[in-house]
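Enquirer: Just one file: entry.cif, with mmCIF, C-alpha atoms.
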```
data_protein
#
loop_
_atom_site.group_PDB
_atom_site.id
_atom_site.type_symbol
_atom_site.label_atom_id
_atom_site.label_comp_id
_atom_site.auth_asym_id
_atom_site.auth_seq_id
_atom_site.Cartn_x
_atom_site.Cartn_y
_atom_site.Cartn_z
ATOM 1 C CA TYR A 1 94.657 100.021 83.812
ATOM 2 C CA THR A 2 94.584 103.462 85.249
ATOM 3 C CA MET A 3 93.065 104.348 88.582
ATOM 4 C CA ASP A 4 91.844 107.758 87.419
ATOM 5 C CA GLY A 5 90.232 107.112 84.067
ATOM 6 C CA SER A 6 92.944 108.600 81.904
ATOM 7 C CA ASP A 7 94.918 106.981 79.101
ATOM 8 C CA PRO A 8 97.869 104.981 80.482
ATOM 9 C CA ARG A 9 99.605 104.639 77.131
ATOM 10 C CA LEU A 10 102.908 106.296 76.627
ATOM 11 C CA SER A 11 103.036 108.596 73.611
ATOM 12 C CA GLY A 12 103.776 106.676 70.445
ATOM 13 C CA ALA A 13 102.849 103.303 71.921
ATOM 14 C CA ALA A 14 100.586 101.138 69.799
ATOM 15 C CA VAL A 15 97.981 99.729 72.178
ATOM 16 C CA SER A 16 94.483 98.721 71.200
ATOM 17 C CA GLN A 17 91.474 100.135 73.037
ATOM 18 C CA ALA A 18 90.391 96.579 73.858
ATOM 19 C CA SER A 19 93.463 96.097 76.060
ATOM 20 C CA GLU A 20 92.639 98.996 78.416
ATOM 21 C CA ALA A 21 90.254 99.258 81.323
ATOM 22 C CA VAL A 22 89.547 102.001 83.815
ATOM 23 C CA LEU A 23 89.097 100.668 87.317
ATOM 24 C CA VAL A 24 88.650 104.004 89.094
ATOM 25 C CA SER A 25 87.975 107.289 87.321
ATOM 26 C CA GLN A 26 89.153 110.537 88.883
ATOM 27 C CA ASP A 27 85.542 111.624 89.387
ATOM 28 C CA ALA A 28 84.476 108.340 91.063
ATOM 29 C CA ALA A 29 82.371 108.502 94.218
ATOM 30 C CA LYS A 30 84.518 108.873 97.335
ATOM 31 C CA ARG A 31 84.122 108.963 101.089
ATOM 32 C CA ILE A 32 86.381 111.370 102.973
ATOM 33 C CA LEU A 33 87.400 111.778 106.615
ATOM 34 C CA VAL A 34 89.863 114.102 108.307
ATOM 35 C CA PRO A 35 90.521 112.025 111.422
ATOM 36 C CA THR A 36 90.723 113.461 114.922
ATOM 37 C CA GLN A 37 91.980 110.197 116.430
ATOM 38 C CA GLU A 38 93.099 106.730 115.379
ATOM 39 C CA ILE A 39 90.359 104.662 113.725
ATOM 40 C CA ASP A 40 89.970 101.020 112.741
ATOM 41 C CA PRO A 41 92.639 100.240 110.107
ATOM 42 C CA GLN A 42 89.958 98.386 108.132
ATOM 43 C CA TRP A 43 89.019 101.809 106.697
ATOM 44 C CA ARG A 44 91.614 101.184 103.994
ATOM 45 C CA ASN A 45 90.546 97.645 103.260
ATOM 46 C CA SER A 46 87.096 96.281 103.812
ATOM 47 C CA ARG A 47 84.341 97.097 101.361
ATOM 48 C CA THR A 48 81.959 96.537 104.261
ATOM 49 C CA PHE A 49 83.649 99.123 106.512
ATOM 50 C CA ASP A 50 80.998 101.608 107.656
ATOM 51 C CA ASP A 51 81.997 104.979 106.207
ATOM 52 C CA SER A 52 78.431 106.320 106.164
ATOM 53 C CA ALA A 53 79.367 109.171 108.548
ATOM 54 C CA TRP A 54 82.212 110.264 106.265
ATOM 55 C CA MET A 55 81.832 113.157 103.819
ATOM 56 C CA ALA A 56 80.553 111.965 100.431
ATOM 57 C CA ALA A 57 81.938 113.386 97.185
ATOM 58 C CA GLU A 58 81.575 112.599 93.513
ATOM 59 C CA GLY A 59 81.677 114.279 90.156
ATOM 60 C CA LYS A 60 84.143 116.298 88.179
ATOM 61 C CA PRO A 61 86.871 117.276 88.607
ATOM 62 C CA GLY A 62 87.167 114.715 91.419
ATOM 63 C CA GLY A 63 89.969 116.075 93.608
ATOM 64 C CA VAL A 64 89.942 116.246 97.393
ATOM 65 C CA GLY A 65 91.774 119.066 99.163
ATOM 66 C CA PHE A 66 91.739 122.786 99.717
ATOM 67 C CA GLU A 67 93.271 125.934 98.290
ATOM 68 C CA ARG A 68 94.030 129.004 100.375
ATOM 69 C CA GLY A 69 95.542 130.990 97.524
ATOM 70 C CA ALA A 70 95.112 130.323 93.851
ATOM 71 C CA GLY A 71 96.018 127.361 91.736
ATOM 72 C CA TYR A 72 94.212 124.179 92.745
ATOM 73 C CA GLU A 73 90.555 125.268 92.601
ATOM 74 C CA ASP A 74 89.973 123.699 89.179
ATOM 75 C CA TYR A 75 91.035 120.293 90.525
ATOM 76 C CA ILE A 76 88.964 120.154 93.729
ATOM 77 C CA SER A 77 85.435 118.760 94.036
ATOM 78 C CA ALA A 78 85.541 118.109 97.771
ATOM 79 C CA ASP A 79 86.876 121.113 99.692
ATOM 80 C CA VAL A 80 88.168 120.003 103.094
ATOM 81 C CA ASN A 81 89.639 123.363 104.179
ATOM 82 C CA ASP A 82 87.393 123.702 107.240
ATOM 83 C CA PHE A 83 88.349 120.221 108.433
ATOM 84 C CA MET A 84 92.076 120.236 107.663
ATOM 85 C CA HIS A 85 93.619 123.717 107.697
ATOM 86 C CA GLY A 86 95.301 124.225 111.059
ATOM 87 C CA VAL A 87 93.735 120.997 112.349
ATOM 88 C CA ASN A 88 95.274 117.897 110.730
ATOM 89 C CA ALA A 89 97.481 117.259 107.706
ATOM 90 C CA THR A 90 95.962 113.802 107.145
ATOM 91 C CA CYS A 91 92.878 113.110 105.076
ATOM 92 C CA TYR A 92 91.518 109.586 104.558
ATOM 93 C CA ILE A 93 89.836 108.854 101.228
ATOM 94 C CA ARG A 94 87.992 105.632 100.352
ATOM 95 C CA ILE A 95 87.030 104.879 96.761
ATOM 96 C CA PRO A 96 85.037 101.666 96.380
ATOM 97 C CA PHE A 97 84.940 100.135 92.916
ATOM 98 C CA GLU A 98 83.695 96.998 91.234
ATOM 99 C CA TYR A 99 85.753 94.785 88.974
ATOM 100 C CA ALA A 100 84.146 92.440 86.471
ATOM 101 C CA GLN A 101 86.806 89.863 85.653
ATOM 102 C CA ARG A 102 87.775 89.724 81.988
ATOM 103 C CA ALA A 103 88.954 86.658 80.137
ATOM 104 C CA GLY A 104 92.692 86.784 79.618
ATOM 105 C CA GLY A 105 93.330 89.080 82.561
ATOM 106 C CA TRP A 106 95.721 92.035 82.513
ATOM 107 C CA ASN A 107 99.474 92.367 82.452
ATOM 108 C CA SER A 108 99.896 95.906 83.792
ATOM 109 C CA MET A 109 98.258 98.472 86.052
ATOM 110 C CA THR A 110 99.062 102.152 86.538
ATOM 111 C CA LEU A 111 98.035 104.570 89.263
ATOM 112 C CA ARG A 112 97.851 108.131 87.967
ATOM 113 C CA VAL A 113 97.668 110.550 90.860
ATOM 114 C CA ARG A 114 97.916 114.272 91.567
ATOM 115 C CA TYR A 115 99.087 115.108 95.067
ATOM 116 C CA ASP A 116 100.285 117.897 97.314
ATOM 117 C CA ASP A 117 102.348 117.195 99.359
ATOM 118 C CA GLY A 118 102.361 113.443 99.944
ATOM 119 C CA PHE A 119 100.235 110.299 100.133
ATOM 120 C CA VAL A 120 100.101 106.608 100.957
ATOM 121 C CA ALA A 121 97.854 104.493 98.693
ATOM 122 C CA TYR A 122 96.253 101.165 99.540
ATOM 123 C CA LEU A 123 94.532 98.680 97.277
ATOM 124 C CA ASN A 124 92.270 96.357 99.266
ATOM 125 C CA GLY A 125 94.275 97.106 102.409
ATOM 126 C CA VAL A 126 97.756 96.562 100.983
ATOM 127 C CA GLU A 127 100.054 99.528 100.571
ATOM 128 C CA VAL A 128 100.827 99.918 96.859
ATOM 129 C CA ALA A 129 102.450 103.363 96.644
ATOM 130 C CA ARG A 130 103.676 106.292 98.695
ATOM 131 C CA ARG A 131 105.292 109.621 98.010
ATOM 132 C CA ASN A 132 106.934 112.091 100.415
ATOM 133 C CA PHE A 133 106.203 109.966 103.445
ATOM 134 C CA GLU A 134 108.442 107.838 105.645
ATOM 135 C CA GLY A 135 107.644 105.519 108.519
ATOM 136 C CA THR A 136 104.342 104.105 109.695
ATOM 137 C CA PRO A 137 101.259 106.113 108.708
ATOM 138 C CA ALA A 138 99.129 107.423 111.563
ATOM 139 C CA TRP A 139 95.922 109.451 111.786
ATOM 140 C CA ASN A 140 97.932 112.666 112.195
ATOM 141 C CA SER A 141 100.871 112.036 109.847
ATOM 142 C CA ARG A 142 102.428 114.766 107.721
ATOM 143 C CA ALA A 143 104.251 114.674 104.410
ATOM 144 C CA ALA A 144 108.022 114.522 104.760
ATOM 145 C CA ALA A 145 108.481 117.324 102.221
ATOM 146 C CA GLY A 146 106.568 119.895 100.244
ATOM 147 C CA ARG A 147 105.833 119.521 96.557
ATOM 148 C CA PRO A 148 105.899 122.433 94.128
ATOM 149 C CA ASP A 149 102.485 123.558 92.860
ATOM 150 C CA ALA A 150 103.542 123.080 89.233
ATOM 151 C CA GLN A 151 104.170 119.374 89.939
ATOM 152 C CA ALA A 152 101.137 118.892 92.190
ATOM 153 C CA VAL A 153 98.711 119.639 89.347
ATOM 154 C CA GLN A 154 100.339 117.100 87.014
ATOM 155 C CA PHE A 155 99.508 113.394 87.097
ATOM 156 C CA GLU A 156 102.312 111.162 88.273
ATOM 157 C CA GLN A 157 102.178 107.663 86.797
ATOM 158 C CA ILE A 158 103.079 104.877 89.200
ATOM 159 C CA ASP A 159 103.439 101.309 87.965
ATOM 160 C CA LEU A 160 101.306 98.997 90.111
ATOM 161 C CA SER A 161 101.729 95.914 87.921
ATOM 162 C CA ALA A 162 103.272 94.007 90.825
ATOM 163 C CA PHE A 163 99.921 94.369 92.631
ATOM 164 C CA LEU A 164 97.584 93.053 89.917
ATOM 165 C CA ASN A 165 96.801 90.052 92.115
ATOM 166 C CA LEU A 166 95.157 92.371 94.675
ATOM 167 C CA VAL A 167 92.308 93.295 92.347
ATOM 168 C CA ARG A 168 89.565 90.795 92.961
ATOM 169 C CA PRO A 169 86.345 90.123 91.058
ATOM 170 C CA GLY A 170 83.538 92.131 92.634
ATOM 171 C CA ALA A 171 84.062 94.697 95.394
ATOM 172 C CA ASN A 172 87.414 96.484 95.837
ATOM 173 C CA VAL A 173 88.668 99.589 97.659
ATOM 174 C CA LEU A 174 91.314 102.126 96.711
ATOM 175 C CA ALA A 175 92.236 104.153 99.791
#
```
I need this file expressed as structure tokens, please.

Expert:
Amino acid sequence: YTMDGSDPRLSGAAVSQASEAVLVSQDAAKRILVPTQEIDPQWRNSRTFDDSAWMAAEGKPGGVGFERGAGYEDYISADVNDFMHGVNATCYIRIPFEYAQRAGGWNSMTLRVRYDDGFVAYLNGVEVARRNFEGTPAWNSRAAAGRPDAQAVQFEQIDLSAFLNLVRPGANVLA
């Protein structure tokens, strides 16, 4: 699997198309909130969590963020500059997706993500990956370090195979 719709195969690997599935494409519909206080932690879990007041975004290229110089514009669909810059370094993103169970199941899953400067990712409420962040996430957390622009525009592949059991038939949430 990939979580962004891109090809998870390593170059030179012989993998049939039938063995791949995209759970979440990079241009999938998203709900976005730059929090101003702590909110119910179910935001990262429950498909039934009410995010109707959150900013809606979908379409290509699919990124969420802002650019105050030059470099990231081609990656951003949802510009959150007015909500984040000088206000809060944290942005919550919810991406609901459906999974139709396949016979035979899967044996691997990969999250491909672009980020600047850090993130914590949850699959159905369980933390599955983090980069440049230490400690317990809060509504006003900050990345522990910066990330060079040249790296931030490249996908990083993160093996989530240990979390395959978290994907359930029907409704799921990547947050």

Enquirer: Could you state the separation of atom CA of A:Pro61 and atom CA of A:Ala143 in Å, given to one decimal place?

Expert: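 Atom-to-atom, atom CA of A:Pro61 to atom CA of A:Ala143, that is 23.6 Å.
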
Enquirer: So which one's closest to A:Val153, A:Ala129, A:Glu98, A:Ala175, A:Asp74? Using all atoms listed in the file, please.

Expert: A:Asp74

Enquirer: So which residues fall inside 9 Å of (80.4, 111.2, 101.7) if we count only C-alpha atoms? Mind giving them as a CSV table (one decimal) with C-alpha atoms, in the frame of the given file?

Expert:
```
chain,number,residue,atom,x,y,z
A,29,ALA,CA,82.4,108.5,94.2
A,30,LYS,CA,84.5,108.9,97.3
A,31,ARG,CA,84.1,109.0,101.1
A,32,ILE,CA,86.4,111.4,103.0
A,33,LEU,CA,87.4,111.8,106.6
A,51,ASP,CA,82.0,105.0,106.2
A,52,SER,CA,78.4,106.3,106.2
A,53,ALA,CA,79.4,109.2,108.5
A,54,TRP,CA,82.2,110.3,106.3
A,55,MET,CA,81.8,113.2,103.8
A,56,ALA,CA,80.6,112.0,100.4
A,57,ALA,CA,81.9,113.4,97.2
A,58,GLU,CA,81.6,112.6,93.5
```

Enquirer: Between A:Tyr122, A:Pro137, A:Asn132, A:Gly146, which is the closest to A:Leu166 once you count all atoms listed in the file?

Expert: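 Of A:Tyr122, A:Pro137, A:Asn132, A:Gly146, the one nearest A:Leu166, counting all atoms listed in the file, is A:Tyr122.
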
Enquirer: Go ahead and compute the interatomic distance for atom CA of A:Tyr72 and atom CA of A:Asp117, in Å to one decimal.

Expert: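 Atom CA of A:Asp117 lies 12.6 Å from atom CA of A:Tyr72.
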
Enquirer: Please expand the PyMOL selection byres ((chain A and resi 111) around 7) into the concrete residues it hits in this file, giving the result as a PyMOL selection string.

Expert: chain A and resi 2-3+109-110+112-113+157-160

Enquirer: Nearest residue to A:Val167 out of A:Ile93, A:Gln26, A:Phe83, A:Trp106, using only C-alpha atoms?

Expert: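 Looking at the shortest contact to A:Val167, the residue is A:Trp106.
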
Enquirer: Here is a test: counting all atoms listed in the file, which residue of A:Pro96, A:Pro41, A:Pro35, A:Gly62 is nearest to A:Val126?

Expert: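 Result for the nearest residue to A:Val126: A:Pro41.
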
Enquirer: As an exercise, work out the distance from atom CA of A:Gly125 to atom CA of A:Thr36 in Å and give it to one decimal place.

Expert: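 Between these atoms lies a distance of 20.9 Å.
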
Enquirer: Would you kindly return, as an NGL selection string, each protein, DNA or RNA residue with an atom no farther than 7 Å from any atom of A:Ala78, considering all atoms listed in the file and excluding same-chain residues fewer than 3 positions away?

Expert: :A and (57 or 63-65)

Enquirer: Can I get the selected residues back with C-alpha atoms, as a compact mmCIF listing (two decimals), in the frame of the given file?

Expert:
```
# COMPACT_ATOMS: atom_id res chain seq x y z
CA ALA A 57 81.94 113.39 97.18
CA GLY A 63 89.97 116.08 93.61
CA VAL A 64 89.94 116.25 97.39
CA GLY A 65 91.77 119.07 99.16
```

Enquirer: Nearest residue to A:Ala121 out of A:Val34, A:Ala21, A:Ala144, A:Tyr92, using only C-alpha atoms?

Expert: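 Under the stated criterion, the closest residue is A:Tyr92.
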
Enquirer: Report as an NGL selection string all protein, DNA and RNA residues lying within 6 Å of stretch 147-152 of chain A, evaluated on all atoms listed in the file, omitting residues in the same chain fewer than 2 positions from it.

Expert: :A and (114-117 or 154)

Enquirer: For the residues in the current selection, export C-alpha atoms as a short mmCIF file (atom, residue, chain, number, x, y, z; two decimals), in the frame of the given file.

Expert:
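Saved the output as out.cif:
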```cif
data_model
loop_
_atom_site.label_atom_id
_atom_site.label_comp_id
_atom_site.auth_asym_id
_atom_site.auth_seq_id
_atom_site.Cartn_x
_atom_site.Cartn_y
_atom_site.Cartn_z
CA ARG A 114 97.92 114.27 91.57
CA TYR A 115 99.09 115.11 95.07
CA ASP A 116 100.28 117.90 97.31
CA ASP A 117 102.35 117.20 99.36
CA GLN A 154 100.34 117.10 87.01
#
```

Enquirer: Considering only C-alpha atoms, state which residue in the set A:Thr48, A:Asn140, A:Ser25, A:Asn107 is at the smallest distance from A:Met84.

Expert: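 Smallest separation from A:Met84 among the options: A:Asn140.
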
Enquirer: List the spatial neighbours of A:Val173 as a compact mmCIF listing (two decimals) with C-alpha atoms, in the coordinates of the input - criterion: any atom at most 8 Å away, only C-alpha atoms, same-chain residues fewer than 3 positions off excluded.

Expert:
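Saved the output as result01.txt:
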```txt
# COMPACT_ATOMS: atom_id res chain seq x y z
CA ARG A 44 91.61 101.18 103.99
CA ASN A 45 90.55 97.64 103.26
CA SER A 46 87.10 96.28 103.81
CA ARG A 47 84.34 97.10 101.36
CA ARG A 94 87.99 105.63 100.35
CA ILE A 95 87.03 104.88 96.76
CA PRO A 96 85.04 101.67 96.38
CA PHE A 97 84.94 100.14 92.92
CA TYR A 122 96.25 101.16 99.54
CA LEU A 123 94.53 98.68 97.28
CA ASN A 124 92.27 96.36 99.27
CA GLY A 125 94.28 97.11 102.41
```

Enquirer: Enclose stretch 19-28 of chain A, meaning all of its atoms listed in the file, in a box aligned along x, y and z, pad it by 5 Å on each side, and list the centre and edge lengths in Å to one decimal, as AutoDock Vina command-line options.

Expert:
```
--center_x 89.0 --center_y 103.9 --center_z 83.6 --size_x 19.0 --size_y 25.5 --size_z 25.0
```

Enquirer: What residues come out when you apply the PyMOL selection byres ((chain A and resi 131) around 8) to this file, written as a list of chain:residue names?

Expert: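 Checked against the file, the PyMOL selection byres ((chain A and resi 131) around 8) matches A:Gly118, A:Phe119, A:Val120, A:Ala129, A:Arg130, A:Asn132, A:Phe133.
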
Enquirer: Please write the residues picked by the PyMOL selection byres ((chain A and resi 100) around 8) on this file as number ranges by chain.

Expert: A: 98-99, 101-102, 169-170

Enquirer: Add whatever atoms are absent from stretch 138-152 of chain A to reach N, CA, C and O atoms, and provide the output as a tab-separated table (two decimals), in the coordinates of the input.

Expert:
```tsv
chain	number	residue	atom	x	y	z
A	138	ALA	N	100.01	107.27	110.42
A	138	ALA	CA	99.13	107.42	111.56
A	138	ALA	C	98.05	108.44	111.21
A	138	ALA	O	98.14	109.14	110.20
A	139	TRP	N	97.06	108.57	112.04
A	139	TRP	CA	95.92	109.45	111.79
A	139	TRP	C	96.33	110.92	111.67
A	139	TRP	O	95.62	111.72	111.07
A	140	ASN	N	97.48	111.28	112.21
A	140	ASN	CA	97.93	112.67	112.20
A	140	ASN	C	99.29	112.83	111.52
A	140	ASN	O	100.06	113.73	111.86
A	141	SER	N	99.59	111.98	110.57
A	141	SER	CA	100.87	112.04	109.85
A	141	SER	C	100.93	113.28	108.96
A	141	SER	O	99.92	113.85	108.58
A	142	ARG	N	102.17	113.64	108.62
A	142	ARG	CA	102.43	114.77	107.72
A	142	ARG	C	103.38	114.30	106.63
A	142	ARG	O	104.17	113.40	106.83
A	143	ALA	N	103.31	114.96	105.49
A	143	ALA	CA	104.25	114.67	104.41
A	143	ALA	C	105.66	115.03	104.88
A	143	ALA	O	105.84	115.95	105.69
A	144	ALA	N	106.63	114.29	104.38
A	144	ALA	CA	108.02	114.52	104.76
A	144	ALA	C	108.61	115.74	104.06
A	144	ALA	O	109.63	116.27	104.50
A	145	ALA	N	107.98	116.18	102.98
A	145	ALA	CA	108.48	117.32	102.22
A	145	ALA	C	107.32	117.99	101.49
A	145	ALA	O	106.27	117.39	101.30
A	146	GLY	N	107.55	119.21	101.07
A	146	GLY	CA	106.57	119.90	100.24
A	146	GLY	C	106.73	119.47	98.80
A	146	GLY	O	107.70	118.81	98.43
A	147	ARG	N	105.78	119.83	97.99
A	147	ARG	CA	105.83	119.52	96.56
A	147	ARG	C	105.42	120.78	95.81
A	147	ARG	O	104.37	121.35	96.09
A	148	PRO	N	106.22	121.20	94.86
A	148	PRO	CA	105.90	122.43	94.13
A	148	PRO	C	104.53	122.36	93.45
A	148	PRO	O	104.13	121.32	92.93
A	149	ASP	N	103.82	123.49	93.46
A	149	ASP	CA	102.48	123.56	92.86
A	149	ASP	C	102.47	123.10	91.41
A	149	ASP	O	101.55	122.42	90.98
A	150	ALA	N	103.49	123.45	90.65
A	150	ALA	CA	103.54	123.08	89.23
A	150	ALA	C	103.56	121.56	89.06
A	150	ALA	O	103.03	121.04	88.08
A	151	GLN	N	104.16	120.84	90.00
A	151	GLN	CA	104.17	119.37	89.94
A	151	GLN	C	102.88	118.79	90.50
A	151	GLN	O	102.38	117.78	90.00
A	152	ALA	N	102.32	119.42	91.52
A	152	ALA	CA	101.14	118.89	92.19
A	152	ALA	C	99.92	118.83	91.27
A	152	ALA	O	99.04	118.01	91.50
```
